[in-house]
Amino acid sequence: MEKPSRLLCSELCVQRRLFEVTLNRTALAWKDTEITKKHTGRAIYGAVKAGIHCVPVCEIIAVQEKEDDSPCKDTGKWQKVPPSPADSYQHAFTVFYVERMRQHCWRCSNVTFHCSEHSTCLLWVQTIREQLALLTNRPKNLLVYINPYGGKQRGKQIYDHKVSPIFSQASISTDVIVTERANHARDHLKMEADLKKYDGVVCVGGDGMFSEIMHGLVSRTQQEAGVDDNSTEETLMPCGLRIGIIPAGSTDCICYATVGSNDPVTSALHIVVGDSQPMDVCSVHNEDHFLRYSVSLLGYGFYGDVLTDSERKRWMGPARYDISGVKTFLSHRYYEGTVSFLPAEGNSGTPRDKMLCRSGCSICQQSSSDDLVSKNEDSVSDAECQDTWTVIRGKFLAINAASMSCACPRSPKGLSPSAHLADGSTDLILVRKCSRLNFLCHLLRHTNKKDQFDHSFVEVYRVKQFRFTPRYQECDSEVDLRESGATGKQFLSQICKEHRACGCMPSQSNWNCDGEILPHTAIQVRVHNQLIKLFARGIEEQPVFEDPFAHCAI
Ligand SMILES: Nc1ncnc2c1ncn2[C@@H]1O[C@H](COP(=O)(O)OP(=O)(O)OP(=O)(O)O)[C@@H](O)[C@H]1O
Ligand SMILES: CCCCCCCCCCCCC/C=C/[C@@H](O)[C@H](CO)NC(C)=O
Ligand SMILES: [Ca+2]
């Protein structure tokens with residue numbers, strides 16, 4: 001690999017030791033030269049690897065000149081330290097950068113370089129700032145919405161104490177709105193906000209707050225593009241602005257699955273460095289009526305019932321999900337209905353492979369280029385499309401569609417560990433009626449390393465569209481049609497035209513759509529590939545103390 005040419009190279013002092021400091025277009029590095037010089041008269045670079053530090057330019061947060069500073073400035077007190085050449089290094093600048101900690105957490109670290117000449121100090125500050133200005137993916141103006149009532153009601157505190165200082169340091173200007181009611185942020189984004197002013201929108205809250213922001217942005221984008229969101233056939237317009245999530249909710253699964261942690265400082269730093277993670281969005285319709293968008297979990301049966309019960313216990317905070325989870329598990333209700341789906345095609349993998357979606361995921365990248373090709377061929381494929389729907393009828397304890405892993409602190413590998421963030425598909429998990437013990441075993445496997453799909457009563461499919469009709473809404477004609485092997489379009493046009501009662505006592509659940517209850521049980525779902533982008537990069541492969549020289553081509 002060709003080395004990028006050096007922009008600057010100076011001998012500077014860090015904590016009273018001399019370092020050779022170099023900057024090129026990709027990295028800032030400082031090497032401890034003092035010891036090697038003393039022994040050999042010249043530096044043996046690379047010999048003392050431990051003495052070399054390297055920070056990629058794209059992970060520098062800011063640089064600031066330090067006024068009137070020196071490593072051993074006279075404090076008026078007696079100093080034990082003997083005079084050293086470092087004493088003449090009286091000018092200083094500080095570089096703030098991303099440091100990786102355990103469990104995908106990032107911190108803002110800093111290093112102060114002391115210079116003997118003020119002009120050298122200014123040159124370094126100016127050159128680093130010039131390099132940062134070239135990073136055009138970084139946001140400069142953000143619109144921030146804070147839900148003061150999400151999670152443990154600490155959204156405002158988290159933003160003021162942990163996030164706002166990082167944004168100021170990175171010279172990001174913000175307009176902050178503390179929401180006053182549910183859907184305040186959604187409506188403001190949809191109808192009022194002057195979005196041209198911003199490079200991104202940030203929500204401080206949980207999955208519900210993220211959902212508000214996403215709905216506001218997606219709806220606004222469709223309105224402006226003249227796309228009718230009630231149509232189940234239309235191709236939706238991707239959103240231009242990225243969304244940042246500062247986790248302050250109860251589950252925070254979207255943040256956890258896109259960053260790898262639910263740590264506010266880490267999220268703030270991903271926003272500052274201008275990360276970009278595309279993400280699929282499912283549209284949910286009831287016949288020709290748009291209901292909602294979903295990015296994480298669409299769950300009927302178990303997760304629908306947990307949510308319905310937990311909404312009455314909001315005052316309990318995050319613990320409400322545990323109480324309602326146990327209660328719902330004990331009730332052991334099952335639901336009858338028909339699920340039909342269009343399997344995902346191409347190189348999409350399967351929910352049971354071990355191809356985890358990680359930063360730079362090749363399956364997600366491949367799907368975006370496949371999508372471009374298929375959009376160009378749209379007119380042909382529409383006419384010739386012979387997609388065949390698979391139809392499954394049964395009694396289910398849970399029907400879950402996980403468009404991403406849904407990893408969260410309660411389930412670190414998630415509902416579908418190999419689901420992808422941006423592959424244009426959702427993993428449809430059907431848990432058929434089984435004993436309480438078997439269901440418990442399945443649930444507990446979400447929290448350990450065992451495969452939660454390895455049960456006779458669990459089926460899982462990677463799909464691009466699906467529909468669900470509860471038993472009591474089915475009609476005979478539909479059943480006949482299905483049994484006669486009708487194609488997708490014939491079959492779907494006939495579904496439940498009559499809504500005839502089935503003569504049984506149907507039990508009915510609700511759909512949990514990213515933590516919101518849907519008003520309908522019969523739904524049609526379609527995945528829209530990479531409709532939105534987040535300030536995230538997916539979960540990094542090597543979270544813990546990666547090789548510090550990996551980025552360093554100096
Ligand atoms: N000012 C407000 N007053 C009341 N409700 C609000 C306000 N602002 C937002 N909301 C609503 O609060 C709901 C829950 O918020 P949020 O998602 O932030 O927290 P959570 O439900 O505790 O966490 P999670 O969604 O991760 O489980 C959201 O659906 C949002 O619409
Ligand atoms: C009786 C033992 C139960 C153990 C079960 C552990 C399984 C946990 C799986 C959690 C998956 C959460 C998926 C996230 C969904 C979010 O969209 C939503 C909104 O925040 N959260 C919930 C809880 O519905
Ligand atoms: Ca997906």
# chains A, B, ... in the order shown; residues from 1 in each chain; ligands from 1
>>> residues_around(residues="A:Leu428", least_positions_apart="2", cutoff="6 Å", atoms="only C-alpha atoms", output="list of chain:residue names")
A:Asn400, A:Ala401, A:Val460, A:Tyr461
>>> write_last_selection(atoms="N, CA, C and O atoms", output="tab-separated table (two decimals), in the first residue's frame")
chain	number	residue	atom	x	y	z
A	400	ASN	N	-43.15	-13.45	14.80
A	400	ASN	CA	-42.24	-12.30	14.92
A	400	ASN	C	-41.56	-12.03	13.59
A	400	ASN	O	-41.09	-12.97	12.95
A	401	ALA	N	-41.48	-10.77	13.22
A	401	ALA	CA	-40.66	-10.41	12.07
A	401	ALA	C	-39.56	-9.48	12.58
A	401	ALA	O	-39.85	-8.37	13.05
A	460	VAL	N	-38.31	-20.53	10.72
A	460	VAL	CA	-37.84	-19.16	10.46
A	460	VAL	C	-37.50	-19.01	8.98
A	460	VAL	O	-36.89	-19.90	8.38
A	461	TYR	N	-37.96	-17.91	8.40
A	461	TYR	CA	-37.79	-17.66	6.96
A	461	TYR	C	-37.28	-16.24	6.76
A	461	TYR	O	-37.69	-15.33	7.48
>>> residues_near_ligand(ligand="ligand 3", cutoff="8 Å", atoms="only C-alpha atoms and all ligand atoms", output="list of chain:residue names")
A:Met279, A:Asp280, A:Ala402, A:Ser403, A:Met404, A:Ala419, A:His420, A:Leu421, A:Ala422, A:Asp423, A:Gly424, A:Ser425, A:Thr426, A:Asp427, A:Val527, A:Asn529
>>> residues_near_ligand(ligand="ligand 1", cutoff="9 Å", atoms="only C-alpha atoms and all ligand atoms", output="MDAnalysis selection string")
chainID A and resid 145:153 155 178:186 203:212 247:254 311 314 317:318 321 514:516
>>> residues_near_ligand(ligand="ligand 2", cutoff="9 Å", atoms="only C-alpha atoms and all ligand atoms", output="ChimeraX atom specification")
/A:206-208,249-254,294-299,303-304,306-307,310,318,321-322,325-330,402,405-412,414-415,439-447,512-516
>>> residues_around(residues="A:Gln277", least_positions_apart="6", cutoff="10 Å", atoms="only C-alpha atoms", output="PyMOL selection string")
chain A and resi 242-243+258-259+359-360+421-422+530+532-538
>>> write_last_selection(atoms="all heavy atoms", output="compact mmCIF listing (two decimals), in the first residue's frame")
# COMPACT_ATOMS: atom_id res chain seq x y z
N ARG A 242 -29.57 11.90 7.85
CA ARG A 242 -29.27 10.77 8.76
C ARG A 242 -29.91 11.01 10.13
O ARG A 242 -30.11 12.16 10.53
CB ARG A 242 -27.76 10.63 8.94
CG ARG A 242 -27.08 9.90 7.80
CD ARG A 242 -25.58 10.01 7.89
NE ARG A 242 -25.10 11.34 7.57
CZ ARG A 242 -23.85 11.76 7.68
NH1 ARG A 242 -22.93 10.93 8.14
NH2 ARG A 242 -23.49 12.99 7.36
N ILE A 243 -30.18 9.89 10.81
CA ILE A 243 -30.78 9.98 12.16
C ILE A 243 -29.75 9.47 13.18
O ILE A 243 -29.13 8.42 12.98
CB ILE A 243 -32.05 9.10 12.27
CG1 ILE A 243 -33.05 9.45 11.17
CG2 ILE A 243 -32.69 9.27 13.65
CD1 ILE A 243 -34.30 8.57 11.16
N THR A 258 -27.26 -1.26 16.15
CA THR A 258 -26.54 -0.54 15.10
C THR A 258 -25.17 -0.03 15.56
O THR A 258 -24.32 0.30 14.74
CB THR A 258 -27.37 0.66 14.59
OG1 THR A 258 -27.75 1.46 15.72
CG2 THR A 258 -28.60 0.21 13.84
N VAL A 259 -24.99 0.04 16.89
CA VAL A 259 -23.74 0.57 17.43
C VAL A 259 -23.02 -0.49 18.27
O VAL A 259 -21.79 -0.51 18.36
CB VAL A 259 -24.04 1.84 18.29
CG1 VAL A 259 -22.85 2.28 19.08
CG2 VAL A 259 -24.54 2.98 17.41
N SER A 359 -20.15 -4.27 10.91
CA SER A 359 -19.72 -3.07 10.20
C SER A 359 -19.21 -3.42 8.79
O SER A 359 -18.38 -4.31 8.65
CB SER A 359 -18.58 -2.46 11.03
OG SER A 359 -18.52 -1.12 10.81
N GLY A 360 -19.72 -2.74 7.79
CA GLY A 360 -19.30 -2.99 6.41
C GLY A 360 -19.83 -4.30 5.85
O GLY A 360 -19.23 -4.86 4.93
N LEU A 421 -29.14 -5.51 8.90
CA LEU A 421 -29.71 -4.17 9.03
C LEU A 421 -30.21 -3.61 7.71
O LEU A 421 -31.16 -2.83 7.69
CB LEU A 421 -28.62 -3.20 9.56
CG LEU A 421 -28.19 -3.39 11.02
CD1 LEU A 421 -26.92 -2.60 11.31
CD2 LEU A 421 -29.32 -2.94 11.94
N ALA A 422 -29.57 -4.01 6.62
CA ALA A 422 -29.85 -3.30 5.37
C ALA A 422 -29.85 -4.22 4.16
O ALA A 422 -29.37 -3.86 3.10
CB ALA A 422 -28.78 -2.21 5.20
N GLN A 530 -32.93 -0.18 2.57
CA GLN A 530 -32.07 0.98 2.83
C GLN A 530 -32.81 2.31 2.65
O GLN A 530 -32.31 3.22 2.00
CB GLN A 530 -30.82 0.90 1.97
CG GLN A 530 -30.16 -0.46 2.08
CD GLN A 530 -28.72 -0.51 1.65
OE1 GLN A 530 -28.18 0.45 1.12
NE2 GLN A 530 -28.07 -1.64 1.88
N ILE A 532 -33.60 4.43 5.09
CA ILE A 532 -33.07 5.50 5.95
C ILE A 532 -31.59 5.23 6.26
O ILE A 532 -31.09 4.13 6.00
CB ILE A 532 -33.86 5.59 7.29
CG1 ILE A 532 -33.83 4.25 8.02
CG2 ILE A 532 -35.27 6.04 7.06
CD1 ILE A 532 -34.36 4.34 9.44
N LYS A 533 -30.96 6.28 6.82
CA LYS A 533 -29.55 6.11 7.24
C LYS A 533 -29.42 6.60 8.67
O LYS A 533 -30.04 7.59 9.06
CB LYS A 533 -28.63 6.96 6.36
CG LYS A 533 -28.42 6.40 4.99
CD LYS A 533 -27.20 7.08 4.38
CE LYS A 533 -27.21 7.01 2.87
NZ LYS A 533 -27.87 8.16 2.26
N LEU A 534 -28.57 5.90 9.42
CA LEU A 534 -28.31 6.30 10.81
C LEU A 534 -26.87 6.80 10.96
O LEU A 534 -26.01 6.40 10.18
CB LEU A 534 -28.48 5.08 11.73
CG LEU A 534 -29.83 4.93 12.42
CD1 LEU A 534 -30.95 4.90 11.42
CD2 LEU A 534 -29.85 3.66 13.24
N PHE A 535 -26.64 7.62 11.98
CA PHE A 535 -25.26 7.97 12.33
C PHE A 535 -24.71 6.79 13.12
O PHE A 535 -24.68 6.79 14.35
CB PHE A 535 -25.23 9.22 13.21
CG PHE A 535 -25.45 10.50 12.47
CD1 PHE A 535 -26.64 11.21 12.63
CD2 PHE A 535 -24.49 11.02 11.61
CE1 PHE A 535 -26.85 12.41 11.96
CE2 PHE A 535 -24.69 12.22 10.94
CZ PHE A 535 -25.88 12.91 11.11
N ALA A 536 -24.32 5.73 12.43
CA ALA A 536 -23.78 4.53 13.08
C ALA A 536 -22.95 3.82 12.02
O ALA A 536 -22.92 4.26 10.85
CB ALA A 536 -24.92 3.65 13.57
N ARG A 537 -22.27 2.75 12.38
CA ARG A 537 -21.50 2.01 11.38
C ARG A 537 -21.73 0.51 11.47
O ARG A 537 -21.00 -0.28 10.87
CB ARG A 537 -20.00 2.32 11.49
CG ARG A 537 -19.40 2.00 12.84
CD ARG A 537 -17.88 2.17 12.82
NE ARG A 537 -17.50 3.55 12.57
CZ ARG A 537 -16.25 4.00 12.65
NH1 ARG A 537 -15.26 3.16 12.95
NH2 ARG A 537 -15.96 5.26 12.43
N GLY A 538 -22.73 0.09 12.25
CA GLY A 538 -22.91 -1.33 12.49
C GLY A 538 -21.94 -1.74 13.59
O GLY A 538 -21.06 -0.96 13.98
>>> residues_around(residues="A:Asp32", least_positions_apart="3", cutoff="8 Å", atoms="only C-alpha atoms", output="ChimeraX atom specification")
/A:17-20,35,51-52
>>> write_last_selection(atoms="all heavy atoms", output="PDB file, in the first residue's frame")
ATOM      1  N   ARG A  17       8.055  14.028  27.749  1.00  0.00           N
ATOM      2  CA  ARG A  17       8.903  13.160  26.923  1.00  0.00           C
ATOM      3  C   ARG A  17       8.851  13.666  25.489  1.00  0.00           C
ATOM      4  O   ARG A  17       7.826  14.174  25.038  1.00  0.00           O
ATOM      5  CB  ARG A  17       8.400  11.713  26.953  1.00  0.00           C
ATOM      6  CG  ARG A  17       8.421  11.100  28.339  1.00  0.00           C
ATOM      7  CD  ARG A  17       7.940   9.674  28.263  1.00  0.00           C
ATOM      8  NE  ARG A  17       8.931   8.819  27.630  1.00  0.00           N
ATOM      9  CZ  ARG A  17       9.932   8.253  28.302  1.00  0.00           C
ATOM     10  NH1 ARG A  17      10.050   8.424  29.605  1.00  0.00           N
ATOM     11  NH2 ARG A  17      10.821   7.504  27.687  1.00  0.00           N
ATOM     12  N   LEU A  18       9.973  13.481  24.798  1.00  0.00           N
ATOM     13  CA  LEU A  18      10.018  13.940  23.406  1.00  0.00           C
ATOM     14  C   LEU A  18       9.460  12.878  22.469  1.00  0.00           C
ATOM     15  O   LEU A  18       9.779  11.690  22.609  1.00  0.00           O
ATOM     16  CB  LEU A  18      11.456  14.268  23.014  1.00  0.00           C
ATOM     17  CG  LEU A  18      11.950  15.626  23.487  1.00  0.00           C
ATOM     18  CD1 LEU A  18      13.441  15.781  23.216  1.00  0.00           C
ATOM     19  CD2 LEU A  18      11.169  16.763  22.833  1.00  0.00           C
ATOM     20  N   PHE A  19       8.654  13.315  21.545  1.00  0.00           N
ATOM     21  CA  PHE A  19       8.057  12.411  20.563  1.00  0.00           C
ATOM     22  C   PHE A  19       8.275  12.965  19.159  1.00  0.00           C
ATOM     23  O   PHE A  19       8.267  14.184  18.972  1.00  0.00           O
ATOM     24  CB  PHE A  19       6.539  12.294  20.784  1.00  0.00           C
ATOM     25  CG  PHE A  19       6.150  11.386  21.915  1.00  0.00           C
ATOM     26  CD1 PHE A  19       6.318  11.788  23.236  1.00  0.00           C
ATOM     27  CD2 PHE A  19       5.621  10.128  21.672  1.00  0.00           C
ATOM     28  CE1 PHE A  19       5.967  10.954  24.288  1.00  0.00           C
ATOM     29  CE2 PHE A  19       5.255   9.285  22.708  1.00  0.00           C
ATOM     30  CZ  PHE A  19       5.429   9.691  24.021  1.00  0.00           C
ATOM     31  N   GLU A  20       8.452  12.077  18.211  1.00  0.00           N
ATOM     32  CA  GLU A  20       8.388  12.527  16.832  1.00  0.00           C
ATOM     33  C   GLU A  20       6.930  12.429  16.412  1.00  0.00           C
ATOM     34  O   GLU A  20       6.342  11.345  16.450  1.00  0.00           O
ATOM     35  CB  GLU A  20       9.254  11.676  15.906  1.00  0.00           C
ATOM     36  CG  GLU A  20       9.337  12.335  14.554  1.00  0.00           C
ATOM     37  CD  GLU A  20       9.884  11.432  13.474  1.00  0.00           C
ATOM     38  OE1 GLU A  20       9.166  10.501  13.078  1.00  0.00           O
ATOM     39  OE2 GLU A  20      11.015  11.661  13.062  1.00  0.00           O
ATOM     40  N   ILE A  35      14.251   7.601  24.382  1.00  0.00           N
ATOM     41  CA  ILE A  35      15.049   6.477  24.880  1.00  0.00           C
ATOM     42  C   ILE A  35      15.978   5.975  23.791  1.00  0.00           C
ATOM     43  O   ILE A  35      17.180   5.819  23.990  1.00  0.00           O
ATOM     44  CB  ILE A  35      14.133   5.327  25.358  1.00  0.00           C
ATOM     45  CG1 ILE A  35      13.224   5.846  26.455  1.00  0.00           C
ATOM     46  CG2 ILE A  35      14.952   4.139  25.834  1.00  0.00           C
ATOM     47  CD1 ILE A  35      12.062   4.941  26.778  1.00  0.00           C
ATOM     48  N   GLY A  51       5.817   2.433  22.317  1.00  0.00           N
ATOM     49  CA  GLY A  51       5.987   3.877  22.383  1.00  0.00           C
ATOM     50  C   GLY A  51       5.346   4.605  21.212  1.00  0.00           C
ATOM     51  O   GLY A  51       5.509   5.803  21.071  1.00  0.00           O
ATOM     52  N   ILE A  52       4.631   3.893  20.357  1.00  0.00           N
ATOM     53  CA  ILE A  52       4.019   4.527  19.186  1.00  0.00           C
ATOM     54  C   ILE A  52       2.512   4.621  19.379  1.00  0.00           C
ATOM     55  O   ILE A  52       1.869   3.652  19.773  1.00  0.00           O
ATOM     56  CB  ILE A  52       4.300   3.710  17.906  1.00  0.00           C
ATOM     57  CG1 ILE A  52       5.796   3.456  17.769  1.00  0.00           C
ATOM     58  CG2 ILE A  52       3.754   4.425  16.677  1.00  0.00           C
ATOM     59  CD1 ILE A  52       6.169   2.642  16.566  1.00  0.00           C
TER      60      ILE A  52
END
>>> residues_around(residues="A:Arg25", least_positions_apart="5", cutoff="9 Å", atoms="only C-alpha atoms", output="PyMOL selection string")
chain A and resi 4-7+56-57+131
>>> closest_residue(among="A:Val163, A:Val272, A:Met355, A:Val218", to="A:Ile246", atoms="only C-alpha atoms")
A:Val163
>>> select_by_dssp(residues="stretch 265-417 of chain A", states="helix (DSSP H, G or I)", output="ChimeraX atom specification")
/A:265-272,302-311,314-316,319-331,362-376,378-384
>>> select_by_dssp(residues="stretch 197-434 of chain A", states="strand (DSSP E or B)", output="JSON, numbers by chain")
{"A": [200, 201, 202, 203, 204, 205, 242, 243, 244, 245, 246, 247, 277, 278, 279, 280, 281, 282, 283, 284, 285, 286, 289, 290, 291, 292, 293, 294, 297, 298, 299, 300, 301, 335, 336, 337, 338, 339, 340, 341, 342, 343, 390, 391, 392, 393, 394, 395, 396, 397, 398, 399, 400, 401, 402, 408, 411, 426, 427, 428, 429, 430, 431, 432]}
>>> closest_residue(among="A:Ile523, A:Leu241, A:Val21, A:Ala29", to="A:Tyr293", atoms="only C-alpha atoms")
A:Ile523
>>> atom_distance(atom1="atom CA of A:Pro343", atom2="atom CA of A:Gln473")
24.0 Å
>>> closest_residue(among="A:Arg471, A:His104, A:His114, A:His53", to="A:Ser10", atoms="only C-alpha atoms")
A:His114
>>> residues_around(residues="A:Ser168", least_positions_apart="4", cutoff="12 Å", atoms="only C-alpha atoms", output="list in words")
Ile61, Ala62, Lys140, Asn141, Leu142, Tyr159, Asp160, His161, Lys162, Val163, Ser164, Ile172, Ser173, Thr174, Ala268, Leu269 and Val272 of chain A
>>> write_last_selection(atoms="N, CA and C atoms", output="PDB file, in the first residue's frame")
ATOM      1  N   ILE A  61     -11.660  14.260  16.975  1.00  0.00           N
ATOM      2  CA  ILE A  61     -12.905  14.991  17.222  1.00  0.00           C
ATOM      3  C   ILE A  61     -12.662  16.495  17.074  1.00  0.00           C
ATOM      4  N   ALA A  62     -11.557  16.962  17.626  1.00  0.00           N
ATOM      5  CA  ALA A  62     -11.268  18.401  17.567  1.00  0.00           C
ATOM      6  C   ALA A  62      -9.810  18.634  17.944  1.00  0.00           C
ATOM      7  N   LYS A 140     -22.632  19.371  10.679  1.00  0.00           N
ATOM      8  CA  LYS A 140     -22.303  20.662  11.306  1.00  0.00           C
ATOM      9  C   LYS A 140     -23.505  21.224  12.060  1.00  0.00           C
ATOM     10  N   ASN A 141     -24.701  20.937  11.528  1.00  0.00           N
ATOM     11  CA  ASN A 141     -25.931  21.451  12.157  1.00  0.00           C
ATOM     12  C   ASN A 141     -26.904  20.306  12.386  1.00  0.00           C
ATOM     13  N   LEU A 142     -27.341  20.176  13.622  1.00  0.00           N
ATOM     14  CA  LEU A 142     -28.244  19.063  13.951  1.00  0.00           C
ATOM     15  C   LEU A 142     -29.521  19.578  14.599  1.00  0.00           C
ATOM     16  N   TYR A 159     -28.557  14.249  27.838  1.00  0.00           N
ATOM     17  CA  TYR A 159     -28.145  15.131  26.739  1.00  0.00           C
ATOM     18  C   TYR A 159     -27.278  16.273  27.269  1.00  0.00           C
ATOM     19  N   ASP A 160     -27.740  16.940  28.338  1.00  0.00           N
ATOM     20  CA  ASP A 160     -27.014  18.124  28.840  1.00  0.00           C
ATOM     21  C   ASP A 160     -25.627  17.775  29.361  1.00  0.00           C
ATOM     22  N   HIS A 161     -25.502  16.650  30.068  1.00  0.00           N
ATOM     23  CA  HIS A 161     -24.227  16.349  30.720  1.00  0.00           C
ATOM     24  C   HIS A 161     -23.271  15.539  29.863  1.00  0.00           C
ATOM     25  N   LYS A 162     -23.816  14.643  29.028  1.00  0.00           N
ATOM     26  CA  LYS A 162     -22.910  13.743  28.317  1.00  0.00           C
ATOM     27  C   LYS A 162     -22.761  14.053  26.837  1.00  0.00           C
ATOM     28  N   VAL A 163     -23.789  14.606  26.222  1.00  0.00           N
ATOM     29  CA  VAL A 163     -23.772  14.730  24.762  1.00  0.00           C
ATOM     30  C   VAL A 163     -23.473  16.152  24.300  1.00  0.00           C
ATOM     31  N   SER A 164     -24.183  17.107  24.880  1.00  0.00           N
ATOM     32  CA  SER A 164     -24.017  18.493  24.447  1.00  0.00           C
ATOM     33  C   SER A 164     -22.546  18.953  24.513  1.00  0.00           C
ATOM     34  N   ILE A 172     -20.270  21.427  16.539  1.00  0.00           N
ATOM     35  CA  ILE A 172     -21.560  21.127  15.909  1.00  0.00           C
ATOM     36  C   ILE A 172     -22.601  22.041  16.539  1.00  0.00           C
ATOM     37  N   SER A 173     -23.334  22.769  15.698  1.00  0.00           N
ATOM     38  CA  SER A 173     -24.380  23.606  16.298  1.00  0.00           C
ATOM     39  C   SER A 173     -25.705  22.833  16.283  1.00  0.00           C
ATOM     40  N   THR A 174     -26.518  23.114  17.285  1.00  0.00           N
ATOM     41  CA  THR A 174     -27.731  22.317  17.458  1.00  0.00           C
ATOM     42  C   THR A 174     -28.946  23.207  17.720  1.00  0.00           C
ATOM     43  N   ALA A 268     -22.957   9.616  20.677  1.00  0.00           N
ATOM     44  CA  ALA A 268     -22.608  11.003  20.333  1.00  0.00           C
ATOM     45  C   ALA A 268     -21.352  11.023  19.461  1.00  0.00           C
ATOM     46  N   LEU A 269     -20.383  10.161  19.779  1.00  0.00           N
ATOM     47  CA  LEU A 269     -19.134  10.146  19.012  1.00  0.00           C
ATOM     48  C   LEU A 269     -19.354   9.595  17.594  1.00  0.00           C
ATOM     49  N   VAL A 272     -20.603  12.536  15.739  1.00  0.00           N
ATOM     50  CA  VAL A 272     -19.541  13.514  15.466  1.00  0.00           C
ATOM     51  C   VAL A 272     -18.663  13.079  14.293  1.00  0.00           C
TER      52      VAL A 272
END
>>> atom_distance(atom1="atom CA of A:Val63", atom2="atom CA of A:Cys13")
16.2 Å
>>> closest_residue(among="A:Ala170, A:Thr94, A:Tyr198, A:Asp288", to="A:Ala133", atoms="only C-alpha atoms")
A:Ala170
>>> atom_distance(atom1="atom CA of A:Leu28", atom2="atom CA of A:Leu122")
16.1 Å
>>> decode(residues="stretch 281-296 of chain A", atoms="N, CA and C atoms", output="compact mmCIF listing (two decimals), in the first residue's frame")
# COMPACT_ATOMS: atom_id res chain seq x y z
N VAL A 281 -36.55 -0.40 6.09
CA VAL A 281 -37.78 -0.01 6.80
C VAL A 281 -38.93 -0.83 6.22
N CYS A 282 -39.74 -1.42 7.10
CA CYS A 282 -40.93 -2.14 6.63
C CYS A 282 -42.12 -1.19 6.64
N SER A 283 -42.92 -1.25 5.59
CA SER A 283 -44.20 -0.51 5.64
C SER A 283 -45.27 -1.52 6.02
N VAL A 284 -46.19 -1.09 6.88
CA VAL A 284 -47.25 -1.99 7.34
C VAL A 284 -48.59 -1.39 6.93
N HIS A 285 -49.36 -2.18 6.17
CA HIS A 285 -50.67 -1.73 5.69
C HIS A 285 -51.76 -2.67 6.16
N ASN A 286 -52.96 -2.12 6.26
CA ASN A 286 -54.15 -2.95 6.40
C ASN A 286 -54.96 -2.65 5.14
N GLU A 287 -55.05 -3.65 4.27
CA GLU A 287 -55.62 -3.44 2.94
C GLU A 287 -54.93 -2.22 2.31
N ASP A 288 -55.71 -1.21 1.86
CA ASP A 288 -55.03 -0.10 1.20
C ASP A 288 -54.86 1.09 2.14
N HIS A 289 -54.67 0.75 3.40
CA HIS A 289 -54.55 1.82 4.38
C HIS A 289 -53.20 1.69 5.09
N PHE A 290 -52.38 2.74 5.00
CA PHE A 290 -51.07 2.70 5.64
C PHE A 290 -51.23 2.77 7.16
N LEU A 291 -50.52 1.87 7.88
CA LEU A 291 -50.59 1.89 9.35
C LEU A 291 -49.34 2.52 9.95
N ARG A 292 -48.20 1.88 9.73
CA ARG A 292 -46.96 2.36 10.36
C ARG A 292 -45.74 1.83 9.61
N TYR A 293 -44.59 2.39 9.95
CA TYR A 293 -43.32 1.82 9.50
C TYR A 293 -42.70 1.08 10.68
N SER A 294 -41.86 0.10 10.34
CA SER A 294 -41.17 -0.65 11.40
C SER A 294 -39.73 -0.92 10.98
N VAL A 295 -38.81 -0.83 11.94
CA VAL A 295 -37.41 -1.16 11.62
C VAL A 295 -36.87 -2.32 12.45
N SER A 296 -37.54 -2.62 13.57
CA SER A 296 -36.97 -3.68 14.41
C SER A 296 -37.91 -4.87 14.50
